[in-house]
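Participant: To start, I am sharing the structure in question, which I have written as structure tokens.
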Amino acid sequence: MNLKYNSVMVTGAAGFIGYHLSLRLLKDGCRVVGVDNLNPYYDVNLKEARLKKLRPFDNFSFHEQDLSNSEELNKIFENASFDVVVNLAAQAGVRYSLENPKAYVDANLVGFCNILEGCRHCNVKHLVFASSSSVYGANTRMPFSVHHNVDHPVSLYAATKKANELMAHTYSHLYGLPCTGLRFFTVYGPWGRPDMAAFLFTRAILEDKPIQVFNHGNMKRDFTYIDDIVEGVVRVMGKLPEPNPEWEGDDPDPGTSYTPYRIYNIGNNQPVDLMDFISALEKAVGKEAKKEFMDLQPGDVIETFADIDDLSKDVGFKPNTPIEEGIKKFVEWYKDYHDIE
């Protein structure tokens, strides 16, 4: 069933994906209420710069608010009627979860529970929420499918994202709340996060500093360009999840349910060798990288590869931006943002 929506809450609106999604929805004429706590996990100036691009729109309003504050979040829900809530707010980063686990509990578990409660009590028609490819954890069967069991995470970040999927399913079962979870695969592009490889490597190459190449370069990632992610999210927003009539409890399908609940992968469906990714960056920057080869980091997985058949079948979309094109656009933005000739 398709859903027409005019009013959308986007949490994490000052974040990388949240900014791009908000901009797309605003240009489409939607009323967007952005929520973000502007935490200092990375440079707040970058978040403010993204918001500066959104604020001129008459159909945009913004609340600087932490999702773990249920009282203040409830006020936002009560003062507006949302057709769709897109929850992109989270404490991100696999490696940081090894150092500061409590931040992940507060943002990704307590915060998400408050979002579910807000959607339940304010009759939101569709909750779309960010999961992550990291939930596949110790799985090695490729490509990763939403119909595979994902009970062996290898980082607390991944465990909180898996928990979000379970929490959403519970609310779908108990209260009939339509929920769709999206497992994003290594998103990159303009306005990207400074802790991600494209940003880190580009900065290091331009500053003539070595880049850290983990697992000695023997890694593959399903790098997915931001415009493809946003297109996938927008299409899913308008597609209400429906119960799967073939779902059965003696052979439960993890990607669907007897309730209005679905999980989709959004990935490029074309894993790229880390060394090829670095080569594309070197070409776009016009300079060779100094490489420092390192062992595999705790919490990292060696390869990601998205099976996107369900996404393609249900919403008619497949990400298709080639890595060379996406990297070129990212480097152009990076140089422009930092005033580099």
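Just so we're on the same page: first chain in the structure tokens is A, next is B, and so on; residues restart at 1 for each chain, and ligands are numbered from 1 in the order they show up.
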With only C-alpha atoms as the counted atoms, please give the residues lying no more than 9 Å from A:Phe144, apart from itself and same-chain residues fewer than 5 positions off, as a list in words.
Facilitator: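 So, after excluding close chain neighbours, the residues are Ser133, Tyr136, Asn139, Asn265, Thr304, Phe305, Ala306, Asp307 and Ile308 of chain A.
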Participant: Those selected residues, please, written with N, CA and C atoms and delivered as a short mmCIF file (atom, residue, chain, number, x, y, z; two decimals), in the first residue's frame.
Facilitator:
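To be explicit, this is the file written out as part_31.cif:
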data_model
loop_
_atom_site.label_atom_id
_atom_site.label_comp_id
_atom_site.auth_asym_id
_atom_site.auth_seq_id
_atom_site.Cartn_x
_atom_site.Cartn_y
_atom_site.Cartn_z
N SER A 133 24.46 -2.13 8.10
CA SER A 133 25.06 -3.38 7.60
C SER A 133 25.87 -4.07 8.68
N TYR A 136 25.17 -7.60 10.43
CA TYR A 136 25.53 -8.92 9.89
C TYR A 136 26.71 -9.53 10.63
N ASN A 139 28.57 -12.97 10.29
CA ASN A 139 28.08 -13.69 9.10
C ASN A 139 29.11 -13.63 7.98
N ASN A 265 17.89 -3.96 2.85
CA ASN A 265 19.26 -3.49 2.64
C ASN A 265 19.22 -2.34 1.64
N THR A 304 31.59 -6.44 3.25
CA THR A 304 30.14 -6.24 3.24
C THR A 304 29.65 -6.28 1.79
N PHE A 305 28.48 -6.85 1.60
CA PHE A 305 27.93 -7.04 0.25
C PHE A 305 26.42 -7.19 0.41
N ALA A 306 25.67 -6.22 -0.11
CA ALA A 306 24.22 -6.17 0.10
C ALA A 306 23.45 -6.91 -0.98
N ASP A 307 22.55 -7.79 -0.54
CA ASP A 307 21.53 -8.35 -1.42
C ASP A 307 20.37 -7.35 -1.40
N ILE A 308 20.07 -6.74 -2.54
CA ILE A 308 19.03 -5.70 -2.59
C ILE A 308 17.82 -6.12 -3.41
#
Participant: Within 7 Å of stretch 197-207 of chain A, which residues of stretch 278-330 of chain A show up? Give each one with its shortest atom-to-atom distance in Å (one decimal) and the two atoms involved, counting only C-alpha atoms, rows by chain then rising residue number, as CSV.
Facilitator:
residue,atom,partner,partner_atom,distance
A:Leu281,CA,A:Thr202,CA,6.9
A:Lys287,CA,A:Ile205,CA,6.9
A:Ala289,CA,A:Ile205,CA,5.2
Participant: Looking at A:Lys313, A:Lys47, A:Lys290, A:Lys53, which one is nearest to A:Ile211, with distances taken over only C-alpha atoms?
Facilitator: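 Ranked by minimum distance to A:Ile211, first place goes to A:Lys290.
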Participant: Could you tell me which of A:Ile76, A:Met9, A:Val84, A:Ala89 comes closest to A:Asp36 if we count only C-alpha atoms?
Facilitator: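 So, comparing all the options, the nearest one is A:Ala89.
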Participant: I want to know what sits within 12 Å of A:Asp276, based on only C-alpha atoms, with residues of the same chain fewer than 4 positions away left out; could you give that as a ChimeraX atom specification?
Facilitator: /A:217-221,223,271-272,280-283,323-324,327
Participant: For A:Asn100, which residue among A:Lys209, A:Pro56, A:Gln270, A:Leu156 is the nearest when counting only C-alpha atoms?
Facilitator: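 Checking each candidate against A:Asn100, we get A:Leu156 as the closest.
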Participant: Of the candidates A:Val8, A:Ala159, A:Leu116, A:Leu174, which one gets nearest to A:Ser97 if we count only C-alpha atoms?
Facilitator: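 For A:Ser97, the nearest of the given residues is A:Ala159.
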Participant: Which residue is closest to A:Asp309? Choose from A:Pro252, A:Pro153, A:Pro143, A:Gly192 and count only C-alpha atoms.
Facilitator: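 Among the listed residues, the smallest separation from A:Asp309 belongs to A:Pro143.
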Participant: Separation of atom CA of A:Ala90 and atom CA of A:Leu177, in Å?
Facilitator: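 Spanning atom CA of A:Ala90 to atom CA of A:Leu177 is a straight-line distance of 20.8 Å.
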Participant: With only C-alpha atoms as the atoms that count, which of A:Ala13, A:Met1, A:Ala138, A:Ile266 lies nearest to A:Leu182?
Facilitator: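 Counting only C-alpha atoms, the residue closest to A:Leu182 is A:Ile266.
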Participant: Could you go through stretch 83-286 of chain A and tell me which residues DSSP, when run on the backbone, assigns to strand (DSSP E or B), listing them as a PyMOL selection string?
Facilitator: chain A and resi 84-87+126-132+144+179-184+187-188+210-213+220-221+224-225+239+261-266+272-273
Participant: Write a file of the selected residues as a compact mmCIF listing (two decimals), in the first residue's frame, keeping C-alpha atoms.
Facilitator:
# COMPACT_ATOMS: atom_id res chain seq x y z
CA VAL A 84 6.11 9.65 8.64
CA VAL A 85 8.94 9.66 11.15
CA VAL A 86 12.41 8.86 9.79
CA ASN A 87 14.77 8.05 12.64
CA HIS A 126 4.90 4.93 9.17
CA LEU A 127 8.16 4.74 11.11
CA VAL A 128 11.24 4.36 8.92
CA PHE A 129 14.44 3.84 10.88
CA ALA A 130 18.13 3.45 10.18
CA SER A 131 19.68 0.10 10.91
CA SER A 132 23.13 -0.82 9.62
CA PHE A 144 24.14 -10.35 3.02
CA CYS A 179 7.81 -0.06 10.77
CA THR A 180 10.49 -0.34 8.10
CA GLY A 181 14.15 -0.76 9.00
CA LEU A 182 16.90 0.14 6.52
CA ARG A 183 20.33 -1.45 6.71
CA PHE A 184 22.66 1.11 5.17
CA VAL A 187 27.48 5.58 2.89
CA TYR A 188 29.77 8.26 1.39
CA PRO A 210 49.85 8.60 5.90
CA ILE A 211 46.47 6.87 5.77
CA GLN A 212 45.81 3.83 7.98
CA VAL A 213 44.91 0.84 5.82
CA LYS A 220 35.81 -5.00 0.76
CA ARG A 221 32.98 -2.54 1.33
CA THR A 224 26.94 3.44 -1.39
CA TYR A 225 26.63 7.01 -2.67
CA LYS A 239 5.60 2.19 0.76
CA TYR A 261 7.12 -4.75 9.45
CA ARG A 262 9.91 -4.97 6.88
CA ILE A 263 13.70 -4.81 6.73
CA TYR A 264 15.61 -3.73 3.58
CA ASN A 265 19.26 -3.49 2.64
CA ILE A 266 20.28 -0.30 0.84
CA VAL A 272 34.79 -2.52 -3.82
CA ASP A 273 38.27 -3.57 -2.71
Participant: For a test of reading the model, state the distance in Å between atom CA of A:Val33 and atom CA of A:Glu72, rounded to one decimal.
Facilitator: 14.1 Å
Participant: So that I can check the surroundings of A:Trp191, please list as a PyMOL selection string every protein, DNA and RNA residue that reaches within 8 Å of it, counting only C-alpha atoms and ignoring chain neighbours fewer than 6 positions away.
Facilitator: chain A and resi 16+46+50+330+333-334
Participant: Keeping C-alpha atoms, export the residues of the selection given above as a compact mmCIF listing (two decimals), in the first residue's frame.
Facilitator:
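Once everything was written out, this is result_12.txt:
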# COMPACT_ATOMS: atom_id res chain seq x y z
CA PHE A 16 25.10 13.32 7.00
CA LEU A 46 29.95 20.80 9.95
CA ARG A 50 24.42 21.59 6.97
CA PHE A 330 32.99 13.96 -2.77
CA TRP A 333 32.84 19.09 -2.30
CA TYR A 334 35.68 18.56 0.20
Participant: Suppose you want the space between atom CA of A:Gly316 and atom CA of A:Gly12; what is it in Å?
Facilitator: 26.3 Å
Participant: Using only C-alpha atoms, which residues sit within 6 Å of A:Asn215 once same-chain residues fewer than 4 positions away are excluded, as an mmCIF file with N, CA, C and O atoms, in the first residue's frame?
Facilitator:
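File result-v7.cif, as written:
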data_model
loop_
_atom_site.group_PDB
_atom_site.id
_atom_site.type_symbol
_atom_site.label_atom_id
_atom_site.label_comp_id
_atom_site.auth_asym_id
_atom_site.auth_seq_id
_atom_site.Cartn_x
_atom_site.Cartn_y
_atom_site.Cartn_z
ATOM 1 N N MET A 294 47.903 -1.752 8.531
ATOM 2 C CA MET A 294 47.608 -2.099 9.919
ATOM 3 C C MET A 294 46.830 -3.416 9.985
ATOM 4 O O MET A 294 46.230 -3.855 9.001
ATOM 5 N N ASP A 295 46.808 -4.021 11.198
ATOM 6 C CA ASP A 295 45.993 -5.211 11.428
ATOM 7 C C ASP A 295 44.509 -4.832 11.484
ATOM 8 O O ASP A 295 44.160 -3.655 11.635
ATOM 9 N N LEU A 296 43.656 -5.842 11.404
ATOM 10 C CA LEU A 296 42.211 -5.625 11.498
ATOM 11 C C LEU A 296 41.855 -5.061 12.867
ATOM 12 O O LEU A 296 42.366 -5.519 13.886
#
Participant: Tell me, as JSON, numbers by chain, which residues lie within 9 Å of A:Thr160, counting only C-alpha atoms; anything in the same chain fewer than 6 positions away does not count.
Facilitator: {"A": [104, 105, 108, 109, 131, 135]}
Participant: Mind dumping the selected residues with all heavy atoms as a compact mmCIF listing (two decimals), in the first residue's frame?
Facilitator:
# COMPACT_ATOMS: atom_id res chain seq x y z
N TYR A 104 25.97 4.80 23.39
CA TYR A 104 25.16 4.00 22.46
C TYR A 104 23.86 3.54 23.11
O TYR A 104 22.83 3.45 22.45
CB TYR A 104 25.98 2.82 21.94
CG TYR A 104 27.12 3.29 21.06
CD1 TYR A 104 28.27 3.85 21.60
CD2 TYR A 104 27.01 3.23 19.68
CE1 TYR A 104 29.28 4.34 20.80
CE2 TYR A 104 28.03 3.71 18.86
CZ TYR A 104 29.16 4.27 19.43
OH TYR A 104 30.15 4.76 18.63
N VAL A 105 23.94 3.26 24.40
CA VAL A 105 22.72 2.88 25.14
C VAL A 105 21.76 4.06 25.19
O VAL A 105 20.57 3.94 24.90
CB VAL A 105 23.08 2.40 26.56
CG1 VAL A 105 21.81 2.16 27.37
CG2 VAL A 105 23.91 1.11 26.49
N ASN A 108 20.91 5.15 21.16
CA ASN A 108 20.39 4.14 20.24
C ASN A 108 19.32 3.24 20.85
O ASN A 108 18.52 2.66 20.11
CB ASN A 108 21.53 3.28 19.70
CG ASN A 108 22.59 4.09 18.98
OD1 ASN A 108 22.54 5.32 18.98
ND2 ASN A 108 23.57 3.43 18.39
N LEU A 109 19.30 3.13 22.17
CA LEU A 109 18.28 2.29 22.82
C LEU A 109 17.22 3.14 23.52
O LEU A 109 16.04 3.06 23.18
CB LEU A 109 18.94 1.32 23.80
CG LEU A 109 19.94 0.34 23.18
CD1 LEU A 109 20.51 -0.59 24.25
CD2 LEU A 109 19.30 -0.48 22.07
N SER A 131 18.90 1.18 10.32
CA SER A 131 19.68 0.10 10.91
C SER A 131 21.07 0.20 10.28
O SER A 131 21.50 1.29 9.90
CB SER A 131 19.02 -1.25 10.69
OG SER A 131 19.73 -2.26 11.37
N VAL A 135 24.98 -5.08 11.42
CA VAL A 135 24.23 -6.12 12.14
C VAL A 135 24.60 -7.52 11.63
O VAL A 135 24.38 -8.51 12.33
CB VAL A 135 22.70 -5.94 12.04
CG1 VAL A 135 22.27 -4.60 12.63
CG2 VAL A 135 22.19 -6.10 10.63
Participant: Please provide as number ranges by chain all residues within 8 Å of stretch 20-22 of chain A, with the sequence filter that same-chain residues fewer than 2 positions apart are discarded (counting only C-alpha atoms).
Facilitator: A: 10, 13, 16-18, 24-26, 32, 34, 54, 226-227, 230, 233-234
Participant: Dump N, CA, C and O atoms for the selected residues as a JSON list (two decimals), in the first residue's frame?
Facilitator:
[["chain", "number", "residue", "atom", "x", "y", "z"],
["A", 10, "VAL", "N", 12.32, 14.24, 10.83],
["A", 10, "VAL", "CA", 13.61, 13.61, 10.52],
["A", 10, "VAL", "C", 14.52, 13.80, 11.73],
["A", 10, "VAL", "O", 14.90, 14.93, 12.04],
["A", 13, "ALA", "N", 18.74, 15.31, 11.80],
["A", 13, "ALA", "CA", 18.61, 16.17, 10.61],
["A", 13, "ALA", "C", 19.89, 16.94, 10.30],
["A", 13, "ALA", "O", 20.09, 17.37, 9.16],
["A", 16, "PHE", "N", 24.77, 13.51, 8.42],
["A", 16, "PHE", "CA", 25.10, 13.32, 7.00],
["A", 16, "PHE", "C", 23.87, 12.89, 6.19],
["A", 16, "PHE", "O", 23.42, 13.60, 5.28],
["A", 17, "ILE", "N", 23.28, 11.76, 6.54],
["A", 17, "ILE", "CA", 22.13, 11.27, 5.78],
["A", 17, "ILE", "C", 20.90, 12.12, 6.07],
["A", 17, "ILE", "O", 20.12, 12.45, 5.17],
["A", 18, "GLY", "N", 20.73, 12.53, 7.34],
["A", 18, "GLY", "CA", 19.58, 13.34, 7.72],
["A", 18, "GLY", "C", 19.51, 14.66, 6.98],
["A", 18, "GLY", "O", 18.43, 15.11, 6.56],
["A", 24, "ARG", "N", 16.11, 16.94, 0.32],
["A", 24, "ARG", "CA", 15.30, 16.32, -0.73],
["A", 24, "ARG", "C", 13.81, 16.50, -0.43],
["A", 24, "ARG", "O", 13.02, 16.89, -1.31],
["A", 25, "LEU", "N", 13.40, 16.23, 0.81],
["A", 25, "LEU", "CA", 11.98, 16.34, 1.16],
["A", 25, "LEU", "C", 11.49, 17.78, 1.09],
["A", 25, "LEU", "O", 10.37, 18.05, 0.64],
["A", 26, "LEU", "N", 12.33, 18.71, 1.52],
["A", 26, "LEU", "CA", 11.96, 20.13, 1.47],
["A", 26, "LEU", "C", 11.76, 20.58, 0.03],
["A", 26, "LEU", "O", 10.80, 21.30, -0.30],
["A", 32, "VAL", "N", 9.06, 19.59, 6.94],
["A", 32, "VAL", "CA", 10.05, 18.77, 7.65],
["A", 32, "VAL", "C", 10.34, 19.39, 9.01],
["A", 32, "VAL", "O", 10.68, 20.58, 9.11],
["A", 34, "GLY", "N", 12.98, 18.92, 11.82],
["A", 34, "GLY", "CA", 14.27, 18.29, 12.09],
["A", 34, "GLY", "C", 14.56, 18.26, 13.58],
["A", 34, "GLY", "O", 14.26, 19.22, 14.29],
["A", 54, "LEU", "N", 19.52, 24.26, 5.28],
["A", 54, "LEU", "CA", 18.12, 23.86, 5.43],
["A", 54, "LEU", "C", 17.24, 25.00, 5.96],
["A", 54, "LEU", "O", 16.06, 25.09, 5.62],
["A", 226, "ILE", "N", 25.53, 8.74, -1.40],
["A", 226, "ILE", "CA", 24.47, 9.35, -0.60],
["A", 226, "ILE", "C", 23.17, 9.57, -1.39],
["A", 226, "ILE", "O", 22.07, 9.36, -0.87],
["A", 227, "ASP", "N", 23.25, 9.99, -2.65],
["A", 227, "ASP", "CA", 22.02, 10.22, -3.43],
["A", 227, "ASP", "C", 21.23, 8.93, -3.61],
["A", 227, "ASP", "O", 19.99, 8.95, -3.66],
["A", 230, "VAL", "N", 19.40, 8.24, -0.29],
["A", 230, "VAL", "CA", 18.24, 9.12, -0.12],
["A", 230, "VAL", "C", 17.08, 8.67, -1.02],
["A", 230, "VAL", "O", 15.93, 8.64, -0.59],
["A", 233, "VAL", "N", 15.48, 5.72, 0.60],
["A", 233, "VAL", "CA", 14.70, 6.09, 1.78],
["A", 233, "VAL", "C", 13.37, 6.72, 1.37],
["A", 233, "VAL", "O", 12.31, 6.37, 1.90],
["A", 234, "VAL", "N", 13.41, 7.64, 0.41],
["A", 234, "VAL", "CA", 12.19, 8.33, -0.02],
["A", 234, "VAL", "C", 11.18, 7.33, -0.59],
["A", 234, "VAL", "O", 9.98, 7.41, -0.29]]
